[in-house]
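J.: For reference, the file coords29.csv (CSV, C-alpha atoms) is included below:
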chain,number,residue,atom,x,y,z
W,178,MET,CA,22.8,-8.2,18.1
W,179,SER,CA,21.3,-11.7,17.5
W,180,GLU,CA,23.1,-13.1,20.5
W,181,GLU,CA,21.7,-10.4,22.7
W,182,LEU,CA,18.2,-11.3,21.5
W,183,VAL,CA,18.8,-14.9,22.3
W,184,ASN,CA,19.9,-14.0,25.8
W,185,GLN,CA,16.9,-11.8,26.3
W,186,THR,CA,14.5,-14.5,25.1
W,187,GLU,CA,16.1,-17.0,27.3
W,188,SER,CA,15.3,-14.9,30.3
W,189,LEU,CA,11.7,-15.0,29.3
W,190,THR,CA,10.9,-18.3,30.9
W,191,LEU,CA,7.8,-19.2,33.0
W,192,ASP,CA,8.3,-18.3,36.6
W,193,LYS,CA,7.3,-21.2,38.7
W,194,GLN,CA,6.4,-18.8,41.4
W,195,THR,CA,2.8,-17.6,40.9
W,196,ILE,CA,0.8,-15.2,42.8
W,197,LEU,CA,-1.0,-18.1,44.5
W,198,SER,CA,2.3,-19.2,46.1
W,199,SER,CA,3.0,-15.7,47.5
W,200,LYS,CA,0.0,-14.6,49.6
W,201,GLU,CA,1.7,-11.3,50.5
W,202,SER,CA,1.6,-10.1,46.9
W,203,PHE,CA,-1.8,-11.5,46.1
W,204,ASN,CA,-4.0,-8.5,45.6
W,205,ALA,CA,-6.6,-10.3,43.4
W,206,LYS,CA,-10.2,-9.9,44.4
W,207,HIS,CA,-11.6,-11.3,41.2
W,208,PRO,CA,-10.0,-14.7,40.5
W,209,LEU,CA,-10.5,-16.3,37.0
W,210,ASN,CA,-11.7,-19.8,36.5
W,211,ASN,CA,-8.5,-20.8,34.8
W,212,GLN,CA,-4.9,-19.7,35.0
W,213,TRP,CA,-3.8,-18.2,31.7
W,214,THR,CA,-0.3,-17.9,30.1
W,215,LEU,CA,0.6,-15.2,27.6
W,216,TRP,CA,3.0,-16.4,24.9
W,217,TYR,CA,4.9,-14.4,22.4
W,218,THR,CA,6.3,-15.5,19.0
W,219,LYS,CA,9.2,-13.4,18.2
W,220,PRO,CA,9.9,-12.6,14.5
W,221,GLN,CA,12.9,-14.4,13.2
W,222,VAL,CA,15.9,-12.0,13.0
W,223,ASP,CA,18.5,-14.7,12.7
W,224,LYS,CA,18.2,-17.6,10.4
W,225,LYS,CA,19.6,-20.0,13.0
W,226,GLU,CA,16.5,-19.4,15.2
W,227,ASN,CA,13.9,-22.1,15.0
W,228,TRP,CA,10.3,-22.2,16.0
W,229,HIS,CA,11.1,-23.3,19.6
W,230,ASP,CA,13.6,-20.4,19.9
W,231,LEU,CA,11.0,-18.0,18.8
W,232,LEU,CA,8.0,-19.1,20.9
W,233,LYS,CA,8.3,-17.9,24.5
W,234,PRO,CA,6.0,-17.8,27.5
W,235,VAL,CA,5.9,-14.3,28.9
W,236,ILE,CA,3.8,-14.4,32.1
W,237,THR,CA,1.0,-16.4,33.8
W,238,PHE,CA,-1.9,-14.8,35.6
W,239,SER,CA,-5.1,-16.0,37.3
W,240,SER,CA,-7.1,-12.8,38.3
W,241,VAL,CA,-8.8,-10.0,36.5
W,242,GLU,CA,-6.6,-7.4,38.2
W,243,GLU,CA,-3.5,-9.1,37.0
W,244,PHE,CA,-4.9,-9.4,33.5
W,245,TRP,CA,-5.4,-5.6,33.4
W,246,GLY,CA,-1.9,-5.0,34.9
W,247,ILE,CA,-0.3,-7.1,32.2
W,248,TYR,CA,-2.5,-5.8,29.4
W,249,ASN,CA,-1.6,-2.2,30.3
W,250,SER,CA,2.1,-2.9,30.4
W,251,ILE,CA,2.7,-4.8,27.2
W,252,PRO,CA,2.7,-3.5,23.5
W,253,GLN,CA,-0.7,-3.1,21.9
W,254,ALA,CA,-1.6,-5.3,19.0
W,255,ASN,CA,-0.8,-2.6,16.5
W,256,GLN,CA,2.6,-1.9,18.1
W,257,LEU,CA,3.9,-5.5,17.5
W,258,PRO,CA,6.4,-6.0,14.7
W,259,LEU,CA,5.5,-8.1,11.6
W,260,LYS,CA,5.6,-11.8,12.1
W,261,SER,CA,4.8,-11.5,15.8
W,262,ASP,CA,2.1,-13.5,17.5
W,263,TYR,CA,0.4,-13.2,20.9
W,264,HIS,CA,-1.0,-16.4,22.3
W,265,LEU,CA,-3.2,-16.5,25.4
W,266,PHE,CA,-3.6,-20.1,26.4
W,267,LYS,CA,-4.9,-22.0,29.5
W,268,ASN,CA,-1.9,-22.7,31.7
W,269,GLY,CA,-0.3,-26.0,30.8
W,270,ILE,CA,-1.3,-25.9,27.1
W,271,LYS,CA,1.4,-24.9,24.6
W,272,PRO,CA,0.2,-23.0,21.6
W,273,GLU,CA,1.3,-25.7,19.2
W,274,TRP,CA,-0.6,-28.3,17.3
W,275,GLU,CA,1.5,-31.0,18.8
W,276,ASP,CA,0.3,-30.3,22.3
W,277,GLU,CA,-2.0,-33.2,23.3
W,278,LYS,CA,-4.8,-30.8,24.3
W,279,ASN,CA,-4.7,-29.2,20.8
W,280,ALA,CA,-3.9,-32.3,18.7
W,281,LYS,CA,-7.5,-33.3,18.2
W,282,GLY,CA,-8.8,-29.8,17.9
W,283,GLY,CA,-8.7,-26.9,15.4
W,284,LYS,CA,-9.2,-23.2,15.2
W,285,TRP,CA,-11.8,-20.7,14.3
W,286,GLN,CA,-10.1,-17.9,12.5
W,287,TYR,CA,-10.8,-14.6,10.7
W,288,ALA,CA,-8.2,-12.7,8.7
W,289,PHE,CA,-8.5,-8.9,8.4
W,290,THR,CA,-6.8,-8.3,5.1
W,291,ASN,CA,-7.2,-4.6,4.8
W,292,LYS,CA,-4.6,-3.5,7.2
W,293,ARG,CA,-5.3,0.2,6.7
W,294,GLU,CA,-8.9,-0.3,7.9
W,295,VAL,CA,-8.2,-2.7,10.7
W,296,GLY,CA,-5.2,-0.8,12.0
W,297,SER,CA,-7.3,1.6,14.0
W,298,ILE,CA,-9.7,-1.1,15.5
W,299,ILE,CA,-7.4,-4.1,15.9
W,300,ASN,CA,-6.5,-3.2,19.5
W,301,ASP,CA,-10.1,-3.0,20.5
W,302,LEU,CA,-11.0,-6.3,18.7
W,303,TRP,CA,-8.0,-8.1,20.2
W,304,LEU,CA,-9.0,-6.8,23.7
W,305,ARG,CA,-12.6,-8.0,23.2
W,306,GLY,CA,-11.2,-11.4,22.2
W,307,LEU,CA,-9.0,-11.6,25.3
W,308,LEU,CA,-11.9,-10.6,27.6
W,309,SER,CA,-14.3,-13.2,26.0
W,310,VAL,CA,-11.7,-15.9,26.6
W,311,ILE,CA,-10.6,-15.1,30.2
W,312,GLY,CA,-14.2,-14.2,31.2
W,313,GLU,CA,-15.2,-17.4,29.4
W,314,THR,CA,-18.2,-15.9,27.8
W,315,ILE,CA,-17.0,-17.2,24.4
W,316,GLU,CA,-18.6,-20.5,25.3
W,317,ASP,CA,-21.1,-22.0,27.7
W,318,GLU,CA,-20.0,-25.0,29.8
W,319,GLU,CA,-18.3,-26.9,27.0
W,320,GLU,CA,-14.7,-26.2,28.1
W,321,GLU,CA,-13.8,-26.3,24.5
W,322,VAL,CA,-11.6,-23.2,24.2
W,323,ASN,CA,-7.9,-23.7,24.8
W,324,GLY,CA,-6.7,-20.2,23.8
W,325,ILE,CA,-6.8,-17.2,21.5
W,326,VAL,CA,-4.1,-16.2,19.0
W,327,LEU,CA,-3.2,-13.0,17.2
W,328,ASN,CA,-1.0,-13.1,14.1
W,329,ILE,CA,0.6,-9.9,12.8
W,330,ARG,CA,1.5,-10.5,9.1
W,331,LYS,CA,2.2,-8.4,6.1
W,332,GLN,CA,-0.8,-9.6,4.2
W,333,ALA,CA,-3.3,-9.8,7.1
W,334,ILE,CA,-3.9,-9.6,10.8
W,335,ARG,CA,-5.6,-12.8,12.0
W,336,ILE,CA,-7.4,-13.6,15.2
W,337,GLY,CA,-8.2,-17.3,16.0
W,338,ILE,CA,-9.7,-19.3,18.7
W,339,TRP,CA,-8.1,-22.7,19.4
W,340,THR,CA,-10.4,-25.5,20.5
W,341,LYS,CA,-9.7,-28.9,21.9
W,342,SER,CA,-12.1,-30.9,19.7
W,343,CYS,CA,-13.8,-30.7,16.3
W,344,ASP,CA,-17.3,-31.2,17.5
W,345,ASP,CA,-19.6,-29.3,15.1
W,346,GLU,CA,-22.3,-28.5,17.6
W,347,LYS,CA,-20.0,-27.1,20.2
W,348,LEU,CA,-18.0,-25.3,17.6
W,349,LYS,CA,-20.9,-23.4,16.1
W,350,VAL,CA,-21.8,-21.7,19.3
W,351,ILE,CA,-18.2,-20.6,19.8
W,352,GLY,CA,-17.9,-19.5,16.1
W,353,GLU,CA,-21.1,-17.4,16.3
W,354,ARG,CA,-19.9,-15.7,19.5
W,355,LEU,CA,-16.5,-15.0,18.0
W,356,LYS,CA,-18.2,-13.2,15.1
W,357,LYS,CA,-20.0,-11.0,17.6
W,358,VAL,CA,-16.8,-10.4,19.6
W,359,LEU,CA,-14.9,-9.3,16.4
W,360,ARG,CA,-17.9,-7.3,15.2
W,361,LEU,CA,-18.1,-9.1,11.9
W,362,SER,CA,-21.0,-8.6,9.5
W,363,ASP,CA,-22.9,-11.5,7.9
W,364,GLU,CA,-20.8,-11.2,4.8
W,365,GLN,CA,-17.5,-11.5,6.7
W,366,LYS,CA,-17.1,-15.3,7.1
W,367,ILE,CA,-15.1,-17.0,9.7
W,368,GLU,CA,-13.8,-20.5,9.1
W,369,PHE,CA,-13.0,-23.5,11.3
W,370,MET,CA,-10.3,-25.9,10.3
W,371,SER,CA,-9.0,-28.8,12.2
W,372,HIS,CA,-5.2,-28.8,12.9
W,373,ASP,CA,-5.0,-32.2,11.0
W,374,ALA,CA,-6.6,-30.6,7.9
W,375,SER,CA,-4.4,-27.5,8.1
W,376,THR,CA,-1.4,-29.7,7.2
W,377,GLU,CA,-3.0,-30.8,3.9
W,378,LYS,CA,-2.8,-28.8,0.8
W,379,ASN,CA,-6.0,-27.1,-0.5
W,380,ALA,CA,-7.9,-28.3,2.6
W,381,LYS,CA,-11.4,-26.9,2.9
W,382,PRO,CA,-12.7,-25.5,6.2
W,383,GLN,CA,-14.9,-27.8,8.2
W,384,ILE,CA,-17.4,-25.0,9.1
W,385,VAL,CA,-17.9,-21.6,7.6
W,386,LEU,CA,-20.1,-19.1,9.4
X,162,MET,CA,-18.3,-21.6,37.1
X,163,ALA,CA,-17.8,-17.9,37.5
X,164,LYS,CA,-17.9,-15.9,34.3
X,165,TYR,CA,-17.2,-12.3,33.7
X,166,THR,CA,-18.9,-10.3,31.0
X,167,GLU,CA,-17.0,-7.7,29.1
X,168,GLU,CA,-18.7,-4.9,31.1
X,169,GLN,CA,-17.8,-6.6,34.4
X,170,LEU,CA,-14.2,-7.0,33.3
X,171,PHE,CA,-14.0,-3.3,32.3
X,172,GLU,CA,-15.3,-2.3,35.7
X,173,ILE,CA,-12.3,-3.9,37.4
X,174,GLN,CA,-9.8,-2.2,35.0
X,175,GLU,CA,-9.0,0.5,37.6
X,176,GLU,CA,-7.8,-2.1,40.0
X,177,ALA,CA,-5.0,-3.3,37.7
X,178,HIS,CA,-2.1,-5.0,39.4
X,179,ILE,CA,1.2,-5.8,37.7
X,180,PRO,CA,2.3,-9.2,39.0
X,181,GLN,CA,6.0,-9.3,37.8
X,182,PRO,CA,7.1,-5.9,36.5
X,183,GLU,CA,10.6,-7.0,35.8
X,184,VAL,CA,9.4,-9.8,33.5
X,185,LEU,CA,7.2,-7.4,31.6
X,186,ASP,CA,10.0,-4.8,31.4
X,187,ALA,CA,12.3,-7.5,29.8
X,188,PHE,CA,9.5,-8.4,27.4
X,189,ASN,CA,9.0,-4.8,26.3
X,190,LYS,CA,12.7,-4.4,25.8
X,191,LEU,CA,12.7,-7.6,23.7
X,192,VAL,CA,9.8,-6.3,21.5
X,193,GLU,CA,11.5,-3.0,21.1
X,194,THR,CA,14.9,-4.6,20.1
X,195,VAL,CA,13.2,-6.9,17.6
X,196,SER,CA,11.3,-3.9,16.1
X,197,ILE,CA,14.5,-2.0,15.7
X,198,GLU,CA,16.3,-5.0,14.2
X,199,LEU,CA,13.5,-5.6,11.7
X,200,ALA,CA,13.4,-2.0,10.8
X,201,LYS,CA,17.1,-2.1,10.0
X,202,SER,CA,16.8,-5.2,7.9
X,203,GLU,CA,13.8,-3.7,6.1
X,204,LYS,CA,15.8,-0.6,5.4
X,205,LYS,CA,18.5,-2.7,3.9
X,206,LYS,CA,16.1,-4.5,1.7
X,207,ASN,CA,14.5,-1.3,0.5
X,208,HIS,CA,18.0,0.2,-0.1
X,209,GLY,CA,17.9,-1.4,-3.5
X,210,PRO,CA,16.8,0.4,-6.6
X,211,HIS,CA,13.5,2.3,-6.4
X,212,ASN,CA,12.4,5.4,-8.1
X,213,GLY,CA,11.3,7.3,-5.0
X,214,ASP,CA,7.6,6.9,-5.7
X,215,THR,CA,5.3,4.7,-3.6
X,216,TYR,CA,1.9,3.1,-3.9
X,217,PHE,CA,-0.5,1.2,-1.7
X,218,ASP,CA,-1.0,-2.5,-2.5
X,219,GLU,CA,-4.3,-4.3,-2.2
X,220,PHE,CA,-3.5,-5.0,1.5
X,221,GLY,CA,-3.0,-1.4,2.3
X,222,ASN,CA,0.8,-1.6,2.6
X,223,GLU,CA,2.9,1.3,1.3
X,224,ARG,CA,5.4,0.0,-1.2
X,225,SER,CA,7.9,1.6,-3.4
X,226,TYR,CA,8.3,1.2,-7.2
X,227,THR,CA,11.4,-0.8,-7.8
X,228,SER,CA,11.5,0.0,-11.5
X,229,PHE,CA,13.2,3.0,-13.1
X,230,ASN,CA,11.1,2.8,-16.2
X,231,ARG,CA,9.1,5.9,-16.4
X,232,ARG,CA,5.4,5.6,-17.1
X,233,ARG,CA,4.7,7.0,-20.5
X,234,GLY,CA,1.9,6.9,-23.1
X,235,SER,CA,2.4,5.1,-26.3
X,236,HIS,CA,2.1,8.3,-28.4
X,237,SER,CA,3.8,10.8,-26.0
X,238,SER,CA,7.3,10.4,-27.4
X,239,LYS,CA,8.5,11.5,-30.8
X,240,LYS,CA,9.3,8.8,-33.3
X,241,PRO,CA,12.9,8.7,-34.4
X,242,LEU,CA,13.6,10.4,-37.8
X,243,LYS,CA,14.1,8.0,-40.6
X,244,LYS,CA,17.4,8.4,-42.5
X,245,LYS,CA,16.9,9.3,-46.1
X,246,ALA,CA,17.7,6.5,-48.4
X,247,THR,CA,20.7,7.3,-50.6
X,248,GLU,CA,21.5,5.7,-53.9
X,249,VAL,CA,24.8,5.5,-55.6
X,250,ALA,CA,24.6,6.3,-59.3
X,251,VAL,CA,27.5,5.3,-61.5
X,252,ASP,CA,27.8,7.0,-64.8
X,253,ASP,CA,29.5,5.7,-68.0
X,254,ASP,CA,32.9,7.1,-66.9
X,255,GLY,CA,32.8,5.2,-63.7
X,256,TRP,CA,32.0,8.2,-61.4
X,257,ALA,CA,29.8,7.3,-58.5
X,258,THR,CA,27.4,10.0,-57.2
X,259,LEU,CA,25.2,9.8,-54.1
X,260,THR,CA,21.6,10.7,-54.9
X,261,THR,CA,18.9,11.3,-52.4
X,262,LYS,CA,15.4,10.3,-53.3
X,263,HIS,CA,13.0,13.1,-52.6
X,264,LYS,CA,9.5,12.2,-51.7
X,265,LYS,CA,7.2,13.5,-54.3
X,266,SER,CA,3.7,14.7,-53.7
X,267,PHE,CA,2.7,13.7,-57.2
X,268,GLY,CA,3.1,10.2,-58.4
X,269,GLU,CA,5.5,9.3,-61.2
X,270,ASP,CA,2.6,8.9,-63.6
X,271,ALA,CA,1.0,12.2,-62.8
X,272,SER,CA,4.2,14.3,-63.6
X,273,ASP,CA,2.6,15.6,-66.9
X,274,GLU,CA,-0.5,16.8,-65.0
X,275,LYS,CA,1.8,18.5,-62.5
X,276,ASP,CA,3.6,20.4,-65.4
X,277,LYS,CA,0.3,21.4,-66.9
X,278,PHE,CA,-0.8,22.8,-63.6
X,279,ARG,CA,2.4,24.8,-63.2
X,280,ASP,CA,2.1,26.2,-66.8
X,281,SER,CA,-1.5,27.3,-66.2
X,282,LEU,CA,-0.3,29.3,-63.2
X,283,LYS,CA,2.4,31.0,-65.2
X,284,SER,CA,0.1,32.0,-68.1
X,285,GLU,CA,-2.6,33.5,-65.9
X,286,PRO,CA,-0.8,35.5,-63.2
X,287,ALA,CA,-3.0,35.8,-60.2
X,288,LYS,CA,-4.2,39.3,-59.6
X,289,VAL,CA,-3.5,40.3,-56.1
X,290,ARG,CA,-5.9,42.8,-54.7
X,291,PRO,CA,-5.3,43.6,-51.1
X,292,ASN,CA,-8.3,44.1,-49.0
X,293,ASN,CA,-7.6,47.6,-47.8
X,294,LYS,CA,-10.4,47.5,-45.4
X,295,LYS,CA,-8.7,45.0,-43.3
X,296,LEU,CA,-5.2,46.6,-43.5
X,297,GLY,CA,-4.9,49.2,-41.0
X,298,SER,CA,-1.8,50.7,-42.5
X,299,SER,CA,-3.7,51.6,-45.8
X,300,LYS,CA,-5.6,54.3,-44.1
X,301,ALA,CA,-3.8,57.6,-43.7
X,302,ALA,CA,-3.4,58.6,-40.1
X,303,ASP,CA,-3.7,62.2,-41.0
X,304,PRO,CA,-6.1,63.3,-43.8
X,305,ARG,CA,-3.7,66.0,-45.0
X,306,GLU,CA,-1.2,63.3,-46.0
X,307,THR,CA,-3.8,62.1,-48.5
X,308,ILE,CA,-3.8,65.5,-50.2
X,309,ALA,CA,0.0,65.6,-50.2
X,310,ASP,CA,0.1,62.3,-52.1
X,311,LYS,CA,-1.9,63.8,-55.0
X,312,GLN,CA,-0.2,65.3,-58.0
X,313,THR,CA,0.3,68.9,-57.2
X,314,VAL,CA,2.1,70.1,-60.3
X,315,LYS,CA,-0.2,70.6,-63.2
X,316,PHE,CA,0.4,71.8,-66.7
X,317,ASN,CA,-0.2,75.5,-67.0
X,318,ALA,CA,-0.4,76.7,-70.6
X,319,PHE,CA,0.1,80.4,-69.6
X,320,GLU,CA,3.2,79.7,-67.7
X,321,ALA,CA,4.5,77.5,-70.5
X,322,LEU,CA,4.0,80.2,-73.1
X,323,GLY,CA,5.6,82.9,-70.9
X,324,GLY,CA,8.7,80.8,-70.2
X,325,ASP,CA,12.1,81.6,-71.7
X,326,ASP,CA,13.0,78.0,-72.6
X,327,ASP,CA,11.2,74.7,-73.3
X,328,GLU,CA,12.5,72.8,-70.3
X,329,GLY,CA,9.4,73.1,-68.2
X,330,ILE,CA,7.1,71.9,-71.0
X,331,GLU,CA,9.2,68.8,-71.6
X,332,ASP,CA,9.3,68.1,-67.9
X,333,ASP,CA,5.5,68.5,-67.5
X,334,SER,CA,4.7,66.5,-70.6
X,335,SER,CA,6.7,63.7,-69.5
X,336,ASP,CA,4.6,63.6,-66.3
X,337,GLU,CA,1.4,63.4,-68.4
Before we go any further, please render this structure as structure tokens.
T.:
Amino acid sequence: MSEELVNQTESLTLDKQTILSSKESFNAKHPLNNQWTLWYTKPQVDKKENWHDLLKPVITFSSVEEFWGIYNSIPQANQLPLKSDYHLFKNGIKPEWEDEKNAKGGKWQYAFTNKREVGSIINDLWLRGLLSVIGETIEDEEEEVNGIVLNIRKQAIRIGIWTKSCDDEKLKVIGERLKKVLRLSDEQKIEFMSHDASTEKNAKPQIVL
Amino acid sequence: MAKYTEEQLFEIQEEAHIPQPEVLDAFNKLVETVSIELAKSEKKKNHGPHNGDTYFDEFGNERSYTSFNRRRGSHSSKKPLKKKATEVAVDDDGWATLTTKHKKSFGEDASDEKDKFRDSLKSEPAKVRPNNKKLGSSKAADPRETIADKQTVKFNAFEALGGDDDEGIEDDSSDE
């Protein structure tokens, strides 16, 4: 079974052909500012699988129509198995700390710990997050946001926005908007932590909103 | 730089277009396979001992009790009976006898008082007077039975004098 899975994941590679290179199939009337790639982290079912085996690009798109076509065809957030992640990143940026566009940045994150409560609204919140990122209303003109991540875990469901820098001023605007997108109350705090700090033990968040 | 608000994006939802259906099909199959695989391994994990009862943890996940220990109150179970202490008494001839100590309600020192109390009960026997009012059976169900219970044969001097022998007188007098 695990071999089958490996074969299936190997087939999930980025197609170099995009809609832009095939004008016949280009139905988009509403192009996005950036091309976006959807990535998926597959839960480990075989101990031999490492992080690179698990993280796979699924598809790249560059129009609103394509976004909806993809969104309607893939499993919803609450249908994903535990230890799965969705990552939607600007094309060319890998959802890893090591990527040079992420290396100096960090992430705004909120963890929904009561899964019974969030189970019914997570699809809506994740969709709102995706729309704010592809529509680029999550920020002004800063070009700070690299992508958005959804983690499905046993203890919590987390949504995070990855940024390319740790500039407090720029980050606060993004953080405040993320709170609105996720419909969080004043008591529900989101935290920003740089990727560098995340590697340290007991690191404190750089900003809390 | 063109931006799309949430409302604008929702307006275009109807015009959805799937760019590479085969890629998305493969992805859906992968997620389905992984889910099945994980469910199997989870079932294996949960196959271990559990008492069939479940609870929700602080994160809202349903989990099963893995302990077979039944929940019980500290006073709900009976305490085990203590075995009576036995003593072996050996007499002068070397015979050993098992004797069981009986728990006494009177202390050893108060044994004289206990005897006095018992004697007082013997000398003054308690008069037992049943409270007939409360005993339903003391009332005769039929008033005629009350009459029947009364002494009906009375000494009649005329009959006694007129009798041939003295048997009747003796019988009657004994009744008196």
J.: Kindly provide the residues of chain W that approach chain X to within 6 Å, each paired with its closest atom pair and their distance in Å to one decimal, based on only C-alpha atoms, listed by chain and increasing number, as a Markdown table.
T.:
| residue | atom | partner | partner_atom | distance |
| --- | --- | --- | --- | --- |
| W:Glu242 | CA | X:Ala177 | CA | 4.4 |
| W:Glu243 | CA | X:His178 | CA | 5.0 |
| W:Trp245 | CA | X:Ala177 | CA | 4.9 |
| W:Gly246 | CA | X:Ile179 | CA | 4.3 |
| W:Ile247 | CA | X:Ile179 | CA | 5.8 |
| W:Pro258 | CA | X:Ser196 | CA | 5.5 |
| W:Thr290 | CA | X:Phe220 | CA | 5.9 |
| W:Asn291 | CA | X:Phe220 | CA | 5.0 |
| W:Lys292 | CA | X:Gly221 | CA | 5.6 |
| W:Arg293 | CA | X:Gly221 | CA | 5.2 |
| W:Gly312 | CA | X:Tyr165 | CA | 4.3 |
| W:Glu313 | CA | X:Lys164 | CA | 5.8 |
| W:Gln332 | CA | X:Phe220 | CA | 6.0 |
J.: If you measure from atom CA of W:Ile236 to atom CA of W:Leu265, what distance in Å do you get, rounded to one decimal?
T.: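 If I compute the distance from atom CA of W:Ile236 to atom CA of W:Leu265, I get 9.9 Å.
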J.: Just to confirm, what's the straight-line distance from atom CA of W:Thr376 to atom CA of W:Ala288 in Å (one decimal)?
T.: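 Computing it gives 18.4 Å between the two atoms.
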J.: Residues near stretch 365-373 of chain W, anyone? I mean within 10 Å using all atoms listed in the file, not counting same-chain ones fewer than 6 positions away, as a VMD selection string.
T.: chain W and resid 273 to 275 279 to 289 337 to 343 345 348 to 349 352 to 353 355 to 356 380 to 386
J.: Can you tell me how far atom CA of X:Glu203 sits from atom CA of W:Tyr263, in Å to one decimal?
T.: 22.1 Å
J.: Here is a test: counting all atoms listed in the file, which residue of W:Leu327, W:Asp276, W:Ile334, W:Leu231 is nearest to W:Gly306?
T.: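 Smallest separation from W:Gly306 among the options: W:Leu327.
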